[in-house]
>>> print(open('query.cif').read())   # mmCIF, C-alpha atoms
data_model
loop_
_atom_site.label_atom_id
_atom_site.label_comp_id
_atom_site.auth_asym_id
_atom_site.auth_seq_id
_atom_site.Cartn_x
_atom_site.Cartn_y
_atom_site.Cartn_z
CA MET A 26 0.00 0.00 0.00
CA SER A 27 1.36 3.41 -0.96
CA VAL A 28 0.44 6.78 0.48
CA PRO A 29 -0.58 9.64 -1.85
CA THR A 30 2.11 12.25 -2.38
CA ALA A 31 -0.20 14.99 -1.10
CA VAL A 32 -0.58 13.15 2.21
CA ILE A 33 3.22 12.78 2.57
CA GLU A 34 3.66 16.48 1.84
CA ASP A 35 1.16 17.36 4.57
CA LEU A 36 2.89 15.00 6.99
CA PHE A 37 6.25 16.56 6.15
CA LYS A 38 4.96 20.06 6.88
CA ALA A 39 3.42 18.93 10.17
CA HIS A 40 6.27 16.83 11.55
CA GLU A 41 9.55 17.72 9.81
CA ARG A 42 10.63 20.35 12.36
CA PHE A 43 10.06 18.06 15.31
CA LEU A 44 11.80 15.09 13.68
CA TRP A 45 14.75 17.22 12.57
CA GLY A 46 15.28 18.51 16.10
CA LEU A 47 15.13 14.97 17.44
CA CYS A 48 17.53 13.57 14.82
CA TYR A 49 20.00 16.42 15.30
CA ARG A 50 20.13 15.85 19.04
CA MET A 51 20.53 12.11 18.50
CA THR A 52 23.42 12.46 16.04
CA GLY A 53 24.91 15.89 16.74
CA ASN A 54 25.16 16.39 12.99
CA ALA A 55 22.91 18.66 10.92
CA ALA A 56 23.69 16.89 7.62
CA ASP A 57 22.86 13.53 9.17
CA ALA A 58 19.61 14.96 10.55
CA ASP A 59 18.66 16.14 7.06
CA ASP A 60 19.32 12.67 5.62
CA LEU A 61 17.51 10.83 8.41
CA VAL A 62 14.38 12.96 8.14
CA GLN A 63 14.29 12.43 4.39
CA GLU A 64 14.72 8.68 4.84
CA THR A 65 11.92 8.63 7.43
CA PHE A 66 9.45 10.13 4.96
CA ILE A 67 10.67 7.90 2.14
CA ARG A 68 9.78 4.94 4.34
CA ALA A 69 6.44 6.52 5.15
CA MET A 70 5.75 6.66 1.42
CA LYS A 71 7.00 3.15 0.59
CA THR A 72 6.10 1.13 3.71
CA PRO A 73 3.51 3.10 5.71
CA PRO A 74 1.99 1.87 8.98
CA ALA A 75 -0.92 -0.54 8.81
CA ARG A 76 -3.31 2.03 10.31
CA THR A 77 -2.95 5.29 8.38
CA ASP A 78 -6.13 6.61 10.02
CA GLU A 79 -4.30 6.91 13.36
CA PRO A 80 -1.90 9.74 14.36
CA TRP A 81 1.36 9.46 12.40
CA ARG A 82 3.80 11.04 14.81
CA PRO A 83 4.42 7.98 17.04
CA TRP A 84 5.19 5.89 13.94
CA LEU A 85 7.41 8.60 12.42
CA VAL A 86 9.32 9.00 15.69
CA ARG A 87 9.82 5.23 15.96
CA VAL A 88 11.22 5.05 12.41
CA ALA A 89 13.46 8.10 12.90
CA MET A 90 14.82 6.84 16.22
CA ASN A 91 15.61 3.42 14.73
CA LEU A 92 17.49 5.12 11.88
CA CYS A 93 19.38 7.33 14.35
CA ARG A 94 20.44 4.40 16.50
CA ASP A 95 21.61 2.48 13.44
CA LEU A 96 23.69 5.47 12.33
CA LEU A 97 25.23 5.91 15.80
CA ARG A 98 26.21 2.25 15.93
CA TYR A 99 27.74 2.49 12.46
CA ARG A 100 29.61 5.66 13.41
CA LYS A 101 31.09 3.97 16.44
CA ARG A 102 32.24 0.95 14.40
CA ARG A 103 33.73 3.11 11.66
CA GLY A 104 35.50 5.51 14.01
CA TYR A 105 36.32 9.14 13.30
CA ASP A 106 39.44 10.80 11.93
CA GLY A 107 40.59 13.06 14.77
CA PRO A 108 38.49 14.70 17.51
CA TRP A 109 34.72 14.76 16.99
CA LEU A 110 32.59 17.86 17.52
CA PRO A 111 28.90 18.52 16.85
CA SER A 112 28.01 20.48 13.76
CA PRO A 113 27.01 24.10 14.49
CA ILE A 114 23.43 25.23 13.95
CA GLU A 115 22.23 28.80 14.23
CA THR A 116 19.85 29.30 17.13
CA GLY A 117 19.47 33.07 17.10
CA ASP A 118 18.59 35.04 20.22
CA GLU A 119 16.41 33.94 23.12
CA THR A 120 13.20 35.61 21.99
CA SER A 121 12.18 33.37 19.08
CA LEU A 122 12.32 29.71 18.12
CA PRO A 123 14.43 28.75 15.09
CA SER A 124 12.40 27.27 12.24
CA TYR A 125 13.51 23.72 12.96
CA GLU A 126 12.70 23.72 16.68
CA PRO A 127 9.62 21.94 18.00
CA GLU A 128 7.07 24.34 19.45
CA ASP A 129 5.90 23.84 23.01
CA ALA A 130 2.34 22.52 22.94
CA GLN A 131 1.10 25.29 25.23
CA GLY A 132 3.20 27.99 23.60
CA ASN A 133 5.23 28.29 26.78
CA PRO A 134 8.51 30.13 26.01
CA ALA A 135 10.15 28.72 29.15
CA ALA A 136 10.23 25.31 27.47
CA ARG A 137 12.73 26.61 24.94
CA TYR A 138 15.53 26.93 27.47
CA ASP A 139 15.63 23.19 27.86
CA LEU A 140 15.57 22.81 24.09
CA VAL A 141 18.44 25.26 23.64
CA GLU A 142 20.54 23.57 26.30
CA SER A 143 19.98 20.23 24.58
CA VAL A 144 21.65 21.50 21.39
CA SER A 145 24.59 23.11 23.19
CA PHE A 146 28.04 21.72 22.43
CA ALA A 147 28.49 20.80 26.09
CA PHE A 148 25.29 18.73 26.14
CA LEU A 149 25.86 17.05 22.77
CA LEU A 150 29.43 16.15 23.70
CA ALA A 151 28.21 14.69 27.00
CA LEU A 152 25.73 12.53 25.06
CA GLU A 153 28.63 10.92 23.21
CA ALA A 154 29.43 8.94 26.37
CA LEU A 155 26.03 7.21 26.18
CA THR A 156 24.99 4.17 24.21
CA PRO A 157 22.51 4.81 21.36
CA ALA A 158 19.69 3.40 23.52
CA GLN A 159 20.65 5.55 26.52
CA ARG A 160 20.88 8.61 24.32
CA ALA A 161 17.45 7.95 22.82
CA VAL A 162 15.79 7.37 26.20
CA LEU A 163 17.39 10.43 27.80
CA LEU A 164 16.31 12.72 24.96
CA LEU A 165 12.75 11.46 24.83
CA ARG A 166 12.29 11.49 28.61
CA ASP A 167 14.25 14.57 29.70
CA VAL A 168 14.14 16.87 26.66
CA PHE A 169 10.93 16.01 24.84
CA ASP A 170 8.99 15.07 28.00
CA TYR A 171 7.82 11.66 26.80
CA SER A 172 6.28 9.38 29.40
CA VAL A 173 7.80 5.99 30.14
CA GLU A 174 4.99 4.37 28.17
CA GLU A 175 5.48 6.68 25.16
CA THR A 176 9.24 6.18 25.24
CA ALA A 177 8.87 2.39 25.35
CA ALA A 178 6.54 2.49 22.34
CA ALA A 179 8.83 4.81 20.37
CA LEU A 180 11.92 2.68 20.96
CA GLY A 181 10.42 -0.81 20.98
CA MET A 182 11.54 -1.39 24.58
CA SER A 183 9.74 -2.64 27.66
CA GLU A 184 8.80 -0.02 30.24
CA SER A 185 11.10 -1.60 32.82
CA ASN A 186 13.98 -1.47 30.34
CA VAL A 187 13.24 2.20 29.68
CA LYS A 188 13.42 2.95 33.40
CA THR A 189 16.71 1.08 33.82
CA THR A 190 18.25 2.66 30.72
CA HIS A 191 17.10 6.11 31.82
CA HIS A 192 18.68 5.66 35.23
CA ARG A 193 22.00 4.61 33.70
CA ALA A 194 21.91 7.48 31.22
CA ARG A 195 21.34 10.04 33.97
CA ARG A 196 24.17 8.55 36.01
CA ALA A 197 26.49 8.76 32.98
CA MET A 198 25.58 12.44 32.59
CA GLY A 199 26.69 13.19 36.16
CA ASP A 200 29.82 15.15 35.23
CA TYR A 201 27.84 17.30 32.82
CA ASP A 202 25.11 17.94 35.39
CA ARG A 203 27.62 19.07 37.99
CA SER A 204 29.28 21.60 35.68
CA ARG A 205 26.33 22.69 33.55
CA ARG A 206 25.62 26.38 33.12
CA PRO A 207 22.12 27.33 31.92
CA ILE A 208 22.18 29.34 28.70
CA THR A 209 21.08 32.85 29.62
CA ARG A 210 21.53 36.28 28.08
CA SER A 211 24.22 36.94 30.69
CA LEU A 212 26.14 33.78 29.74
CA GLN A 213 25.88 34.67 26.06
CA GLU A 214 27.34 38.12 26.71
CA GLN A 215 30.07 36.69 28.94
CA THR A 216 30.99 34.10 26.31
CA ARG A 217 31.27 36.59 23.46
CA ARG A 218 33.24 39.05 25.59
CA ALA A 219 35.74 36.36 26.60
CA LEU A 220 36.33 35.03 23.09
CA GLU A 221 36.39 38.48 21.48
CA THR A 222 38.85 39.84 24.02
CA PHE A 223 41.02 36.73 23.75
CA LEU A 224 41.28 37.05 19.96
CA THR A 225 41.91 40.80 20.18
CA CYS A 226 44.79 40.19 22.58
CA LEU A 227 46.25 37.58 20.23
CA PHE A 228 46.09 39.84 17.18
CA ASN A 229 47.65 42.67 19.21
CA HIS A 230 50.42 40.33 20.49
CA ASP A 231 49.24 40.84 24.07
CA VAL A 232 50.28 37.43 25.38
CA THR A 233 49.75 38.35 29.02
CA GLY A 234 46.22 39.58 28.38
CA ALA A 235 45.34 36.48 26.35
CA ALA A 236 46.76 34.14 29.01
CA ALA A 237 44.67 35.82 31.73
CA LEU A 238 41.50 34.84 29.87
CA LEU A 239 42.28 31.12 29.87
CA ALA A 240 41.54 28.66 32.66
CA ASP A 241 44.51 26.61 33.89
CA ASP A 242 43.07 23.39 32.43
CA VAL A 243 41.63 24.90 29.25
CA ARG A 244 41.08 22.45 26.37
CA GLN A 245 41.02 23.18 22.66
CA VAL A 246 39.49 20.79 20.17
CA GLY A 247 39.48 21.11 16.39
CA ASP A 248 37.32 18.94 14.14
CA GLY A 249 38.79 18.76 10.65
CA GLY A 250 37.25 15.37 9.94
CA GLY A 251 40.50 14.22 8.33
CA GLU A 252 39.78 16.72 5.56
CA PHE A 253 41.77 19.74 6.75
CA ILE A 254 44.82 20.38 8.90
CA ALA A 255 43.83 20.37 12.57
CA ALA A 256 45.29 19.15 15.85
CA ARG A 257 44.96 15.37 15.95
CA VAL A 258 44.34 15.34 19.70
CA PRO A 259 42.87 17.92 22.08
CA ILE A 260 45.31 20.62 23.22
CA VAL A 261 45.24 20.85 27.01
CA GLY A 262 46.64 23.50 29.35
CA ARG A 263 46.98 27.27 29.28
CA GLU A 264 50.52 27.41 27.87
CA LYS A 265 49.88 24.94 25.03
CA VAL A 266 46.55 26.51 24.03
CA LEU A 267 48.09 29.99 24.13
CA LEU A 268 51.05 28.92 21.99
CA PHE A 269 48.82 27.22 19.43
CA ASN A 270 46.52 30.21 19.04
CA SER A 271 49.39 32.69 18.97
CA ARG A 272 50.85 30.86 15.98
CA VAL A 273 47.48 30.79 14.23
CA ALA A 274 47.01 34.53 14.85
CA GLU A 275 50.39 35.25 13.30
CA GLN A 276 49.23 33.65 10.05
CA LYS A 277 46.03 35.70 9.78
CA PRO A 278 45.64 36.64 6.09
CA ALA A 279 44.56 40.14 5.13
CA ASP A 280 41.48 38.90 3.25
CA ALA A 281 40.01 36.91 6.16
CA LEU A 282 36.33 37.58 6.87
CA PHE A 283 34.83 37.37 10.37
CA GLU A 284 31.20 37.38 11.53
CA TRP A 285 29.63 36.84 14.94
CA ARG A 286 26.54 34.64 15.19
CA VAL A 287 24.78 32.56 17.83
CA PHE A 288 25.32 28.83 17.33
CA ASN A 289 23.90 26.14 19.62
CA GLY A 290 22.83 28.78 22.11
CA LEU A 291 26.13 30.67 22.44
CA PRO A 292 27.99 33.33 20.42
CA ALA A 293 30.55 32.01 17.97
CA LEU A 294 32.75 33.37 15.24
CA VAL A 295 32.48 32.34 11.59
CA ILE A 296 35.81 32.72 9.80
CA GLU A 297 36.29 32.52 6.03
CA LEU A 298 39.44 32.64 3.89
CA ALA A 299 39.27 33.47 0.20
CA ASP A 300 42.46 31.64 -0.72
CA PRO A 301 43.58 29.28 2.06
CA ALA A 302 46.92 27.49 1.88
CA ARG A 303 46.77 23.89 0.72
CA GLY A 304 45.30 21.61 3.37
CA TYR A 305 43.77 24.45 5.38
CA ALA A 306 40.03 24.96 5.77
CA PRO A 307 38.44 27.82 3.83
CA ARG A 308 35.81 28.27 6.53
CA TRP A 309 35.31 27.30 10.14
CA VAL A 310 33.31 28.12 13.25
CA MET A 311 35.03 28.94 16.52
CA THR A 312 33.22 28.97 19.83
CA CYS A 313 34.08 28.64 23.51
CA GLU A 314 32.74 27.81 26.94
CA VAL A 315 33.54 29.91 29.99
CA ASP A 316 33.67 28.95 33.65
CA GLU A 317 32.06 30.75 36.58
CA THR A 318 34.90 33.28 36.68
CA GLY A 319 34.49 34.18 33.01
CA ARG A 320 37.68 32.45 31.91
CA ILE A 321 37.67 30.20 28.83
CA ARG A 322 37.66 26.49 29.70
CA GLN A 323 36.91 25.06 26.23
CA ILE A 324 37.64 26.26 22.70
CA HIS A 325 36.00 24.46 19.80
CA SER A 326 36.82 24.88 16.12
CA VAL A 327 34.68 23.06 13.54
CA LEU A 328 36.34 22.89 10.12
CA ALA A 329 35.03 19.75 8.38
CA THR A 330 32.87 20.61 5.37
CA ARG A 331 30.08 18.16 6.23
CA LYS A 332 29.84 19.67 9.71
CA LEU A 333 29.12 23.14 8.26
CA THR A 334 26.13 22.42 6.03
CA ALA A 335 23.84 24.47 8.30
CA VAL A 336 26.19 27.48 8.41
CA ARG A 337 25.46 30.37 6.04
CA ALA A 338 28.35 31.90 4.10
CA ILE A 339 29.48 35.37 5.13
CA LYS A 340 28.17 38.08 2.83
CA SER A 341 31.19 40.16 1.85
#
>>> encode(input="query.cif", output="structure tokens")
Amino acid sequence: MSVPTAVIEDLFKAHERFLWGLCYRMTGNAADADDLVQETFIRAMKTPPARTDEPWRPWLVRVAMNLCRDLLRYRKRRGYDGPWLPSPIETGDETSLPSYEPEDAQGNPAARYDLVESVSFAFLLALEALTPAQRAVLLLRDVFDYSVEETAAALGMSESNVKTTHHRARRAMGDYDRSRRPITRSLQEQTRRALETFLTCLFNHDVTGAAALLADDVRQVGDGGGEFIAARVPIVGREKVLLFNSRVAEQKPADALFEWRVFNGLPALVIELADPARGYAPRWVMTCEVDETGRIRQIHSVLATRKLTAVRAIKS
């Protein structure tokens, strides 16, 4: 039995945003989320549920989550060339939902803070420590507010297994929970100020000023995906991170373009080079996390082309 194209188009309009947000959080990759949502609706067209007169969302979620878990298992088997980072997505300011975000059923804006936190780099990186099943249960239960019964149905698990998996997932997220900082306007301003001042100090050869902005145990991670030159392992410690960035700043070409945007809830810098040296990325996104004192504790640079599919080019 096939489903008319008009019906699939209506389903896509009604559920695509929700499914995309779910798939992105599951995989941490915008390009993968695009592919998974498309595959979900292809399956809806080719092998629809037996009862098409019932609500489609539970079936669509079940298909999408199965596809996500398959992809995560494949990704783990295949491995990754160098450090892995989520792909940046623009989230804008705190006053409006991006087009791909699921709306709160009651129109409650407070619900968005949880949604924004769940696309932050810190949260998505913490999810990498979970199994695909733990990741799925945690997202459905703690981000999308599914009941145990709804989660079990969506994932094809027993309710007791959902409860056990949820408990283990929360325990695995302990380190993140202890250090988490809610994304607020104040944190956004603090983050941009720290990164902007750090880069200004580097370009002005103010080593002392730049060093003062870094935490003692600061970590820098670059995701080149094996495509571009990037550090093969995380750079750890104030002196090493400072030295690395000082050398990068010295090579700043005159035609480099810079633009501030908000990605994954926090300010970040988009950098583009018109004519990069061989092996170097023509575009990347740089963001950071700050600690309670306002010093930078993490610097993330995403360079891999497939990780930047959701990032607009800078208009020169």
>>> resolve_selection(input="query.cif", expression="the PyMOL selection byres ((chain A and resi 214-217) around 9)", output="number ranges by chain")
A: 209-213, 218-222, 285, 291-294, 312-315, 319-321
>>> resolve_selection(input="query.cif", expression="the PyMOL selection byres ((chain A and resi 167) around 12)", output="list of chain:residue names")
A:Ala136, A:Asp139, A:Leu140, A:Glu142, A:Ser143, A:Gln159, A:Arg160, A:Ala161, A:Val162, A:Leu163, A:Leu164, A:Leu165, A:Arg166, A:Val168, A:Phe169, A:Asp170, A:Tyr171, A:Ser172, A:Val173, A:Thr176, A:His191, A:His192, A:Ala194, A:Arg195, A:Met198
>>> residues_near_point(input="query.cif", point="(39.6, 24.9, 7.7)", cutoff="10 Å", atoms="all atoms listed in the file", output="compact mmCIF listing (two decimals) with C-alpha atoms, in the coordinates of the input")
# COMPACT_ATOMS: atom_id res chain seq x y z
CA GLY A 247 39.48 21.11 16.39
CA ASP A 248 37.32 18.94 14.14
CA GLY A 249 38.79 18.76 10.65
CA GLU A 252 39.78 16.72 5.56
CA PHE A 253 41.77 19.74 6.75
CA ILE A 254 44.82 20.38 8.90
CA ALA A 255 43.83 20.37 12.57
CA ILE A 296 35.81 32.72 9.80
CA GLU A 297 36.29 32.52 6.03
CA LEU A 298 39.44 32.64 3.89
CA PRO A 301 43.58 29.28 2.06
CA ALA A 302 46.92 27.49 1.88
CA GLY A 304 45.30 21.61 3.37
CA TYR A 305 43.77 24.45 5.38
CA ALA A 306 40.03 24.96 5.77
CA PRO A 307 38.44 27.82 3.83
CA ARG A 308 35.81 28.27 6.53
CA TRP A 309 35.31 27.30 10.14
CA VAL A 310 33.31 28.12 13.25
CA SER A 326 36.82 24.88 16.12
CA VAL A 327 34.68 23.06 13.54
CA LEU A 328 36.34 22.89 10.12
CA ALA A 329 35.03 19.75 8.38
CA THR A 330 32.87 20.61 5.37
>>> residues_around(input="query.cif", residues="A:Lys71", least_positions_apart="5", cutoff="12 Å", atoms="only C-alpha atoms", output="VMD selection string")
chain A and resid 26 to 30 33 64 to 66
>>> write_last_selection(input="query.cif", atoms="C-alpha atoms", output="compact mmCIF listing (two decimals), in the frame of the given file")
# COMPACT_ATOMS: atom_id res chain seq x y z
CA MET A 26 0.00 0.00 0.00
CA SER A 27 1.36 3.41 -0.96
CA VAL A 28 0.44 6.78 0.48
CA PRO A 29 -0.58 9.64 -1.85
CA THR A 30 2.11 12.25 -2.38
CA ILE A 33 3.22 12.78 2.57
CA GLU A 64 14.72 8.68 4.84
CA THR A 65 11.92 8.63 7.43
CA PHE A 66 9.45 10.13 4.96
>>> atom_distance(input="query.cif", atom1="atom CA of A:Pro157", atom2="atom CA of A:Arg94")
5.3 Å
>>> atom_distance(input="query.cif", atom1="atom CA of A:Asn54", atom2="atom CA of A:Lys332")
6.6 Å
>>> resolve_selection(input="query.cif", expression="the PyMOL selection byres ((chain A and resi 111) around 10)", output="list in words")
Tyr49, Arg50, Thr52, Gly53, Asn54, Ala55, Trp109, Leu110, Ser112, Pro113, Ile114, Val144, Ser145, Phe146, Ala147, Phe148, Leu149, Leu150, Glu153, Asp248, Asn289, His325, Val327, Lys332 and Leu333 of chain A
>>> atom_distance(input="query.cif", atom1="atom CA of A:Cys93", atom2="atom CA of A:Gly290")
23.1 Å
>>> closest_residue(input="query.cif", among="A:Arg263, A:Arg206, A:Arg331, A:Lys340", to="A:Leu238", atoms="only C-alpha atoms")
A:Arg263
>>> closest_residue(input="query.cif", among="A:Ala279, A:Leu267, A:Met51, A:Pro80", to="A:Ala39", atoms="all atoms listed in the file")
A:Pro80
>>> closest_residue(input="query.cif", among="A:Asn270, A:Gln245, A:Ser204, A:Thr156", to="A:Val232", atoms="all atoms listed in the file")
A:Asn270
>>> residues_around(input="query.cif", residues="A:Pro259", least_positions_apart="2", cutoff="7 Å", atoms="all atoms listed in the file", output="short mmCIF file (atom, residue, chain, number, x, y, z; two decimals) with C-alpha atoms, in the coordinates of the input")
data_model
loop_
_atom_site.label_atom_id
_atom_site.label_comp_id
_atom_site.auth_asym_id
_atom_site.auth_seq_id
_atom_site.Cartn_x
_atom_site.Cartn_y
_atom_site.Cartn_z
CA ARG A 244 41.08 22.45 26.37
CA GLN A 245 41.02 23.18 22.66
CA VAL A 246 39.49 20.79 20.17
CA ALA A 256 45.29 19.15 15.85
CA ARG A 257 44.96 15.37 15.95
CA VAL A 261 45.24 20.85 27.01
#
>>> closest_residue(input="query.cif", among="A:Arg303, A:Arg98, A:Lys265, A:Arg68", to="A:Leu155", atoms="all atoms listed in the file")
A:Arg98
>>> closest_residue(input="query.cif", among="A:Glu184, A:Leu227, A:Trp81, A:Ala299", to="A:Phe269", atoms="all atoms listed in the file")
A:Leu227
>>> closest_residue(input="query.cif", among="A:Gly234, A:Val88, A:Asp300, A:Leu180", to="A:Leu282", atoms="only C-alpha atoms")
A:Asp300
